[in-house]
file query-v5.cif (mmCIF, C-alpha atoms)
data_my_file
#
loop_
_atom_site.label_atom_id
_atom_site.label_comp_id
_atom_site.auth_asym_id
_atom_site.auth_seq_id
_atom_site.Cartn_x
_atom_site.Cartn_y
_atom_site.Cartn_z
CA MET G 1 -15.19 11.24 -29.34
CA PRO G 2 -18.34 9.23 -30.27
CA SER G 3 -21.15 9.61 -27.77
CA ILE G 4 -21.81 6.39 -25.90
CA ASP G 5 -25.51 5.98 -25.24
CA ARG G 6 -25.50 2.31 -24.32
CA PRO G 7 -25.58 1.60 -20.57
CA LEU G 8 -22.15 1.51 -18.98
CA SER G 9 -21.78 -1.01 -16.17
CA PRO G 10 -21.45 -1.49 -13.28
CA HIS G 11 -24.33 0.51 -11.85
CA LEU G 12 -23.03 0.27 -8.32
CA GLN G 13 -26.01 2.07 -6.82
CA VAL G 14 -28.45 -0.68 -7.82
CA TYR G 15 -26.41 -3.47 -6.23
CA ARG G 16 -26.84 -4.55 -2.63
CA PRO G 17 -23.42 -4.43 -0.92
CA GLN G 18 -22.07 -7.97 -0.58
CA ILE G 19 -19.05 -9.39 1.21
CA THR G 20 -17.34 -9.90 -2.17
CA SER G 21 -17.79 -6.34 -3.40
CA VAL G 22 -17.19 -4.65 -0.03
CA LEU G 23 -13.94 -6.55 0.61
CA SER G 24 -12.82 -5.87 -2.95
CA ILE G 25 -13.14 -2.11 -2.67
CA LEU G 26 -11.72 -2.25 0.87
CA HIS G 27 -8.54 -3.76 -0.61
CA ARG G 28 -8.15 -0.71 -2.83
CA LEU G 29 -9.11 1.74 -0.09
CA THR G 30 -6.57 0.27 2.35
CA GLY G 31 -3.96 0.25 -0.43
CA VAL G 32 -4.50 3.94 -1.17
CA ALA G 33 -4.62 4.76 2.56
CA LEU G 34 -1.34 2.91 3.13
CA THR G 35 0.24 4.81 0.25
CA PHE G 36 -0.60 8.03 2.10
CA GLY G 37 0.62 6.34 5.28
CA THR G 38 4.11 6.16 3.78
CA LEU G 39 4.26 9.93 4.46
CA LEU G 40 4.41 9.09 8.19
CA LEU G 41 7.08 6.44 7.61
CA THR G 42 9.10 8.94 5.58
CA TRP G 43 8.70 11.63 8.24
CA TRP G 44 9.87 9.18 10.93
CA LEU G 45 13.00 8.09 9.02
CA VAL G 46 13.91 11.56 7.73
CA ALA G 47 13.44 13.04 11.23
CA ALA G 48 15.95 10.50 12.56
CA ALA G 49 18.43 11.72 9.94
CA TYR G 50 17.73 15.40 10.72
CA GLY G 51 18.38 15.47 14.43
CA ALA G 52 17.16 14.89 17.97
CA GLU G 53 14.70 17.78 18.00
CA GLU G 54 12.97 16.80 14.75
CA PHE G 55 12.85 13.14 15.83
CA GLY G 56 11.28 14.28 19.09
CA TYR G 57 8.49 16.05 17.17
CA ALA G 58 7.77 12.92 15.14
CA GLN G 59 7.78 10.64 18.19
CA ALA G 60 5.59 13.10 20.12
CA PHE G 61 3.04 13.20 17.28
CA LEU G 62 3.00 9.41 16.88
CA GLY G 63 2.62 9.05 20.66
CA SER G 64 -0.27 11.54 20.92
CA TRP G 65 -3.86 10.22 21.00
CA PHE G 66 -4.38 11.40 17.41
CA GLY G 67 -1.13 9.82 16.25
CA GLN G 68 -2.01 6.57 17.99
CA LEU G 69 -5.47 6.57 16.41
CA ILE G 70 -3.91 6.94 12.96
CA LEU G 71 -1.38 4.19 13.72
CA TRP G 72 -4.15 1.78 14.79
CA ALA G 73 -6.07 2.50 11.62
CA PHE G 74 -2.91 1.83 9.60
CA THR G 75 -2.23 -1.34 11.59
CA PHE G 76 -5.65 -2.67 10.59
CA ALA G 77 -5.09 -1.52 7.00
CA VAL G 78 -1.71 -3.33 6.87
CA PHE G 79 -3.14 -6.60 8.21
CA TYR G 80 -6.23 -6.41 6.02
CA HIS G 81 -4.28 -5.60 2.85
CA LEU G 82 -1.72 -8.32 3.75
CA ALA G 83 -4.32 -11.05 4.31
CA ASN G 84 -6.51 -10.05 1.38
CA GLY G 85 -3.39 -9.76 -0.77
CA ILE G 86 -2.57 -13.40 0.02
CA ARG G 87 -6.20 -14.20 -0.92
CA HIS G 88 -5.58 -12.47 -4.24
CA LEU G 89 -2.37 -14.46 -4.76
CA LEU G 90 -4.31 -17.70 -4.16
CA TRP G 91 -6.82 -16.58 -6.79
CA ASP G 92 -3.87 -15.94 -9.14
CA PHE G 93 -2.97 -19.62 -8.70
CA GLY G 94 -6.55 -20.50 -9.57
CA TRP G 95 -7.62 -21.52 -6.08
CA GLY G 96 -10.73 -20.43 -4.21
CA PHE G 97 -13.12 -19.25 -6.89
CA GLU G 98 -16.19 -21.14 -5.65
CA ILE G 99 -18.64 -18.70 -4.09
CA GLU G 100 -18.57 -20.55 -0.75
CA GLN G 101 -14.75 -20.41 -0.72
CA VAL G 102 -14.81 -16.71 -1.60
CA ARG G 103 -17.21 -16.06 1.27
CA LEU G 104 -15.22 -18.18 3.73
CA THR G 105 -11.80 -16.71 2.84
CA GLY G 106 -13.34 -13.23 3.05
CA ILE G 107 -14.53 -13.90 6.60
CA ILE G 108 -11.10 -15.37 7.48
CA VAL G 109 -9.36 -12.26 6.12
CA VAL G 110 -11.52 -9.88 8.17
CA ALA G 111 -11.20 -12.04 11.29
CA PHE G 112 -7.42 -12.22 10.86
CA ALA G 113 -7.12 -8.46 10.35
CA ALA G 114 -9.23 -7.71 13.42
CA GLY G 115 -7.46 -10.32 15.56
CA ALA G 116 -3.95 -9.35 14.47
CA THR G 117 -4.73 -5.66 15.08
CA LEU G 118 -5.94 -6.51 18.59
CA VAL G 119 -2.86 -8.63 19.35
CA THR G 120 -0.60 -5.84 18.04
CA LEU G 121 -2.48 -3.32 20.18
CA ILE G 122 -2.00 -5.43 23.31
CA ALA G 123 1.68 -6.06 22.51
CA ALA G 124 2.27 -2.37 21.77
CA TYR G 125 0.80 -1.20 25.07
CA ALA G 126 2.67 -3.94 26.93
CA VAL G 127 5.95 -2.69 25.40
CA GLY G 128 5.25 1.04 25.39
CA GLY G 129 3.05 1.37 28.47
CA ALA G 130 0.57 3.57 26.52
CA MET D 1 -8.02 -8.65 -38.95
CA GLU D 2 -7.53 -5.16 -37.59
CA MET D 3 -10.38 -4.42 -35.20
CA ARG D 4 -9.32 -0.91 -34.27
CA SER D 5 -10.47 2.18 -36.09
CA SER D 6 -7.92 4.35 -37.93
CA LEU D 7 -8.35 7.07 -35.30
CA GLY D 8 -7.86 4.57 -32.50
CA ARG D 9 -4.66 3.34 -34.13
CA VAL D 10 -3.28 6.84 -34.55
CA ARG D 11 -4.07 7.72 -30.94
CA GLY D 12 -2.30 4.59 -29.74
CA LEU D 13 -5.38 3.02 -28.15
CA GLY D 14 -5.33 -0.63 -27.23
CA SER D 15 -2.69 -2.69 -25.49
CA ALA D 16 0.66 -1.05 -24.79
CA LYS D 17 2.09 -4.59 -24.33
CA GLU D 18 3.20 -3.60 -20.84
CA GLY D 19 0.45 -5.31 -18.87
CA VAL D 20 2.22 -8.59 -18.17
CA GLY D 21 5.32 -6.90 -16.74
CA HIS D 22 3.13 -4.72 -14.53
CA TRP D 23 1.14 -7.75 -13.35
CA TRP D 24 4.28 -9.72 -12.44
CA ALA D 25 5.93 -6.75 -10.72
CA GLN D 26 2.82 -6.23 -8.59
CA ARG D 27 2.74 -9.92 -7.56
CA PHE D 28 6.49 -10.14 -6.97
CA THR D 29 6.52 -7.07 -4.72
CA ALA D 30 3.38 -8.35 -2.95
CA ILE D 31 5.07 -11.66 -2.08
CA ALA D 32 8.23 -9.86 -0.92
CA LEU D 33 6.13 -7.54 1.27
CA VAL D 34 4.58 -10.44 3.23
CA PRO D 35 7.69 -11.16 5.36
CA LEU D 36 8.90 -7.54 5.16
CA SER D 37 5.68 -6.05 6.55
CA ILE D 38 5.52 -8.66 9.34
CA TRP D 39 9.13 -7.78 10.22
CA PHE D 40 8.20 -4.09 10.21
CA VAL D 41 5.29 -4.58 12.61
CA PHE D 42 7.55 -6.42 15.09
CA ALA D 43 10.27 -3.78 14.67
CA ALA D 44 7.80 -0.92 15.14
CA ILE D 45 6.41 -2.47 18.35
CA SER D 46 9.92 -2.86 19.77
CA LEU D 47 10.65 0.79 18.93
CA ILE D 48 7.63 2.37 20.62
CA GLY D 49 8.65 5.43 22.58
CA VAL D 50 12.42 4.96 22.15
CA ASP D 51 14.59 8.07 22.22
CA TYR D 52 16.65 9.51 19.37
CA ALA D 53 19.95 7.80 20.26
CA THR D 54 18.31 4.38 20.71
CA PHE D 55 16.48 4.61 17.41
CA ARG D 56 19.62 5.65 15.52
CA ALA D 57 21.61 2.86 17.14
CA TRP D 58 18.91 0.38 16.08
CA LEU D 59 18.84 1.65 12.50
CA ALA D 60 22.66 1.66 12.33
CA ILE D 61 22.71 -2.14 12.78
CA PHE D 62 23.39 -3.45 9.27
CA GLY D 63 20.58 -6.02 9.21
CA ASN D 64 18.00 -3.44 10.30
CA ALA D 65 19.22 -0.85 7.78
CA LEU D 66 19.20 -3.49 5.04
CA ALA D 67 15.72 -4.77 5.87
CA MET D 68 14.38 -1.21 6.13
CA THR D 69 15.93 -0.25 2.78
CA VAL D 70 14.55 -3.33 1.03
CA LEU D 71 11.16 -2.74 2.67
CA VAL D 72 11.04 0.90 1.59
CA GLY D 73 12.11 0.13 -2.00
CA THR D 74 9.61 -2.73 -2.36
CA LEU D 75 6.83 -0.84 -0.61
CA PHE D 76 7.09 2.28 -2.75
CA TYR D 77 7.33 0.26 -5.97
CA HIS D 78 4.22 -1.71 -4.97
CA ALA D 79 2.45 1.51 -3.94
CA TYR D 80 3.26 3.11 -7.28
CA LEU D 81 1.93 0.12 -9.24
CA GLY D 82 -1.24 0.11 -7.14
CA MET D 83 -1.85 3.85 -7.38
CA GLN D 84 -1.34 3.64 -11.15
CA VAL D 85 -4.12 1.03 -11.45
CA VAL D 86 -6.47 3.01 -9.21
CA ILE D 87 -5.87 6.27 -11.10
CA GLU D 88 -6.30 4.58 -14.48
CA ASP D 89 -9.58 3.04 -13.31
CA TYR D 90 -11.20 6.08 -11.71
CA VAL D 91 -9.78 9.24 -13.29
CA HIS D 92 -11.55 9.41 -16.65
CA HIS D 93 -10.66 12.97 -17.67
CA GLU D 94 -7.54 12.40 -19.77
CA PRO D 95 -5.43 15.47 -18.84
CA ALA D 96 -6.24 14.93 -15.15
CA ARG D 97 -5.32 11.25 -15.49
CA VAL D 98 -1.94 12.00 -17.06
CA ILE D 99 -1.17 14.64 -14.43
CA ALA D 100 -2.25 12.32 -11.60
CA LEU D 101 -0.09 9.48 -12.95
CA LEU D 102 2.97 11.69 -13.35
CA ALA D 103 2.44 13.38 -9.97
CA SER D 104 1.99 10.09 -8.10
CA ARG D 105 5.07 8.64 -9.77
CA PHE D 106 7.16 11.71 -8.92
CA ILE D 107 5.95 12.03 -5.31
CA ILE D 108 6.47 8.32 -4.61
CA PHE D 109 9.94 8.51 -6.16
CA VAL D 110 10.89 11.48 -3.95
CA LEU D 111 9.53 9.74 -0.83
CA ALA D 112 11.44 6.55 -1.63
CA VAL D 113 14.70 8.43 -2.19
CA SER D 114 14.15 10.43 1.02
CA CYS D 115 13.69 7.25 3.05
CA ILE D 116 16.69 5.47 1.56
CA LEU D 117 18.90 8.54 1.95
CA ALA D 118 17.80 8.96 5.57
CA ILE D 119 18.49 5.28 6.34
CA ALA D 120 21.92 5.50 4.69
CA LEU D 121 22.90 8.66 6.60
CA VAL D 122 21.79 7.22 9.95
CA ALA D 123 23.49 3.89 9.21
CA MET D 124 26.73 5.76 8.45
CA GLY D 125 26.40 7.68 11.71
CA ARG D 126 25.86 11.05 10.07
#

call {"tool": "encode", "arguments": {"input": "query-v5.cif", "output": "structure tokens"}}
result
Amino acid sequence: MPSIDRPLSPHLQVYRPQITSVLSILHRLTGVALTFGTLLLTWWLVAAAYGAEEFGYAQAFLGSWFGQLILWAFTFAVFYHLANGIRHLLWDFGWGFEIEQVRLTGIIVVAFAAGATLVTLIAAYAVGGA
Amino acid sequence: MEMRSSLGRVRGLGSAKEGVGHWWAQRFTAIALVPLSIWFVFAAISLIGVDYATFRAWLAIFGNALAMTVLVGTLFYHAYLGMQVVIEDYVHHEPARVIALLASRFIIFVLAVSCILAIALVAMGR
């Protein structure tokens, strides 16, 4: 391989974090996190096929404080990735590339994700009684 | 004019002509996952704390089994496409990249089959 001695961009460490860059990497981080989250979904479904005892283990874990914490994190990740994914689809159609639009839609995405997570949390505790 | 070096050509560098299909598949699954994931959140809330028999009865309803199967298939396909992009972007060591790509593809395939098999067995009352 030829040695490459020209500078290779981007030098992330010299950039100040901005809403554009932070939300961009957050889309990937939530995507990867949700991919690992499918392990829980698989466990839940497979446990239901295995039997009552195994399903009980899965439900008990998901109902524990640690399980609930993970589920809330995944709830936020789902809503963030969903909203930011729609933002990406709008970009694919060529809409929203002005810097002010990018900033505004970014704030909307974060606000939606936080709000939807909160509403889900309230609904979940209303249904499940904690 | 050929812009690639002889070595680059031999090693198959450059476009594999698969990018457009990948791009469309990622967008198509993304659009499908919008209603599916919203359905899943509502379903999951309604299923909080239910016992074994109740959950199996819920999953045995055809519409629920169908939606869950479509969700799982779409979700794992989308997850695979996404993981592929992330691995290709960040894993620079070539052997590690190939192993990571193959491993992620295999693991996601096994998870998807496990989910679909589990849904089918529960839906058939097994």

call {"tool": "closest_residue", "arguments": {"input": "query-v5.cif", "among": "G:Val102, G:Val32, G:Val46, G:Ala83", "to": "Gln84 in chain D", "atoms": "all atoms listed in the file"}}
result
G:Val32

call {"tool": "resolve_selection", "arguments": {"input": "query-v5.cif", "expression": "the PyMOL selection byres ((chain D and resi 53) around 12)", "output": "PyMOL selection string"}}
result
(chain G and resi 48-49+51-53+55-56) or (chain D and resi 47+49-52+54-60+122+125)

call {"tool": "closest_residue", "arguments": {"input": "query-v5.cif", "among": "G:Thr105, G:Thr35, G:Gln13, G:Ser24", "to": "chain D", "atoms": "only C-alpha atoms"}}
result
G:Thr35

call {"tool": "closest_residue", "arguments": {"input": "query-v5.cif", "among": "G:Leu40, G:Phe66, G:Arg28, G:Arg6", "to": "Tyr90 in chain D", "atoms": "only C-alpha atoms"}}
result
G:Arg28

call {"tool": "interface_residues", "arguments": {"input": "query-v5.cif", "of": "chain D", "to": "chain G", "cutoff": "9 Å", "atoms": "only C-alpha atoms", "output": "PyMOL selection string"}}
result
chain D and resi 27+30-31+33-34+37-38+41-42+44-53+55-56+72+75-76+79-80+82-83+86+108+111-112+114-122+126

call {"tool": "closest_residue", "arguments": {"input": "query-v5.cif", "among": "D:Ala32, D:Ile87, D:Ala100, D:Ala43", "to": "Leu71 in chain D", "atoms": "only C-alpha atoms"}}
result
D:Ala32

call {"tool": "atom_distance", "arguments": {"input": "query-v5.cif", "atom1": "CA of Ser6 in chain D", "atom2": "CA of His92 in chain D"}}
result
22.2 Å

call {"tool": "decode", "arguments": {"input": "query-v5.cif", "residues": "range 27-118 of chain D", "atoms": "C-alpha atoms", "output": "mmCIF file, in the first residue's frame"}}
result
data_model
loop_
_atom_site.group_PDB
_atom_site.id
_atom_site.type_symbol
_atom_site.label_atom_id
_atom_site.label_comp_id
_atom_site.auth_asym_id
_atom_site.auth_seq_id
_atom_site.Cartn_x
_atom_site.Cartn_y
_atom_site.Cartn_z
ATOM 1 C CA ARG D 27 -34.963 3.974 2.321
ATOM 2 C CA PHE D 28 -37.721 1.479 1.554
ATOM 3 C CA THR D 29 -37.270 -0.353 4.861
ATOM 4 C CA ALA D 30 -37.030 3.010 6.671
ATOM 5 C CA ILE D 31 -40.412 4.135 5.292
ATOM 6 C CA ALA D 32 -41.988 0.764 6.137
ATOM 7 C CA LEU D 33 -40.612 0.979 9.687
ATOM 8 C CA VAL D 34 -42.371 4.312 10.387
ATOM 9 C CA PRO D 35 -45.866 2.808 10.845
ATOM 10 C CA LEU D 36 -44.476 -0.544 12.040
ATOM 11 C CA SER D 37 -42.427 0.950 14.886
ATOM 12 C CA ILE D 38 -45.336 3.170 15.985
ATOM 13 C CA TRP D 39 -47.555 0.068 16.018
ATOM 14 C CA PHE D 40 -44.916 -1.762 18.059
ATOM 15 C CA VAL D 41 -44.725 0.975 20.698
ATOM 16 C CA PHE D 42 -48.521 0.884 21.165
ATOM 17 C CA ALA D 43 -48.486 -2.927 21.248
ATOM 18 C CA ALA D 44 -45.626 -3.021 23.759
ATOM 19 C CA ILE D 45 -47.414 -0.563 26.079
ATOM 20 C CA SER D 46 -50.583 -2.673 25.987
ATOM 21 C CA LEU D 47 -48.525 -5.785 26.814
ATOM 22 C CA ILE D 48 -46.713 -4.459 29.885
ATOM 23 C CA GLY D 49 -46.718 -7.028 32.653
ATOM 24 C CA VAL D 50 -49.060 -9.496 30.913
ATOM 25 C CA ASP D 51 -48.697 -13.166 31.792
ATOM 26 C CA TYR D 52 -47.586 -15.983 29.499
ATOM 27 C CA ALA D 53 -51.067 -17.109 28.403
ATOM 28 C CA THR D 54 -52.223 -13.551 27.639
ATOM 29 C CA PHE D 55 -49.128 -12.783 25.598
ATOM 30 C CA ARG D 56 -49.432 -15.996 23.573
ATOM 31 C CA ALA D 57 -53.127 -15.354 22.960
ATOM 32 C CA TRP D 58 -52.262 -11.841 21.738
ATOM 33 C CA LEU D 59 -49.521 -13.092 19.420
ATOM 34 C CA ALA D 60 -51.776 -15.884 18.110
ATOM 35 C CA ILE D 61 -54.181 -13.301 16.645
ATOM 36 C CA PHE D 62 -53.391 -13.327 12.927
ATOM 37 C CA GLY D 63 -53.065 -9.560 12.509
ATOM 38 C CA ASN D 64 -50.636 -9.304 15.432
ATOM 39 C CA ALA D 65 -48.546 -12.248 14.219
ATOM 40 C CA LEU D 66 -48.482 -10.782 10.708
ATOM 41 C CA ALA D 67 -47.518 -7.289 11.855
ATOM 42 C CA MET D 68 -44.839 -8.694 14.179
ATOM 43 C CA THR D 69 -43.404 -10.881 11.403
ATOM 44 C CA VAL D 70 -43.311 -7.999 8.912
ATOM 45 C CA LEU D 71 -41.799 -5.744 11.585
ATOM 46 C CA VAL D 72 -39.091 -8.257 12.475
ATOM 47 C CA GLY D 73 -38.192 -8.943 8.824
ATOM 48 C CA THR D 74 -38.050 -5.236 7.924
ATOM 49 C CA LEU D 75 -36.252 -4.288 11.128
ATOM 50 C CA PHE D 76 -33.479 -6.859 10.775
ATOM 51 C CA TYR D 77 -32.971 -6.050 7.088
ATOM 52 C CA HIS D 78 -32.715 -2.338 7.925
ATOM 53 C CA ALA D 79 -30.394 -3.114 10.853
ATOM 54 C CA TYR D 80 -28.143 -5.186 8.616
ATOM 55 C CA LEU D 81 -27.911 -2.443 5.983
ATOM 56 C CA GLY D 82 -27.125 0.124 8.684
ATOM 57 C CA MET D 83 -24.524 -1.998 10.452
ATOM 58 C CA GLN D 84 -22.866 -2.681 7.093
ATOM 59 C CA VAL D 85 -22.452 1.063 6.453
ATOM 60 C CA VAL D 86 -21.142 1.702 9.968
ATOM 61 C CA ILE D 87 -18.641 -1.172 9.784
ATOM 62 C CA GLU D 88 -17.446 -0.130 6.321
ATOM 63 C CA ASP D 89 -16.934 3.438 7.557
ATOM 64 C CA TYR D 90 -15.121 2.752 10.826
ATOM 65 C CA VAL D 91 -13.348 -0.615 10.601
ATOM 66 C CA HIS D 92 -10.301 0.138 8.458
ATOM 67 C CA HIS D 93 -8.298 -3.041 9.043
ATOM 68 C CA GLU D 94 -9.366 -5.175 6.088
ATOM 69 C CA PRO D 95 -9.462 -8.670 7.670
ATOM 70 C CA ALA D 96 -11.311 -7.268 10.694
ATOM 71 C CA ARG D 97 -13.753 -5.487 8.377
ATOM 72 C CA VAL D 98 -14.542 -8.630 6.401
ATOM 73 C CA ILE D 99 -15.000 -10.656 9.592
ATOM 74 C CA ALA D 100 -17.198 -7.963 11.145
ATOM 75 C CA LEU D 101 -19.367 -7.769 8.014
ATOM 76 C CA LEU D 102 -19.796 -11.527 7.799
ATOM 77 C CA ALA D 103 -20.402 -11.884 11.554
ATOM 78 C CA SER D 104 -22.999 -9.102 11.659
ATOM 79 C CA ARG D 105 -24.786 -10.556 8.653
ATOM 80 C CA PHE D 106 -24.824 -14.049 10.176
ATOM 81 C CA ILE D 107 -25.902 -12.940 13.670
ATOM 82 C CA ILE D 108 -28.683 -10.723 12.312
ATOM 83 C CA PHE D 109 -29.855 -13.564 10.062
ATOM 84 C CA VAL D 110 -30.009 -15.993 13.011
ATOM 85 C CA LEU D 111 -31.870 -13.442 15.169
ATOM 86 C CA ALA D 112 -34.387 -12.763 12.391
ATOM 87 C CA VAL D 113 -35.034 -16.476 11.825
ATOM 88 C CA SER D 114 -35.357 -17.033 15.601
ATOM 89 C CA CYS D 115 -37.980 -14.299 15.894
ATOM 90 C CA ILE D 116 -39.994 -15.453 12.891
ATOM 91 C CA LEU D 117 -39.856 -19.089 13.996
ATOM 92 C CA ALA D 118 -40.950 -18.127 17.522
#
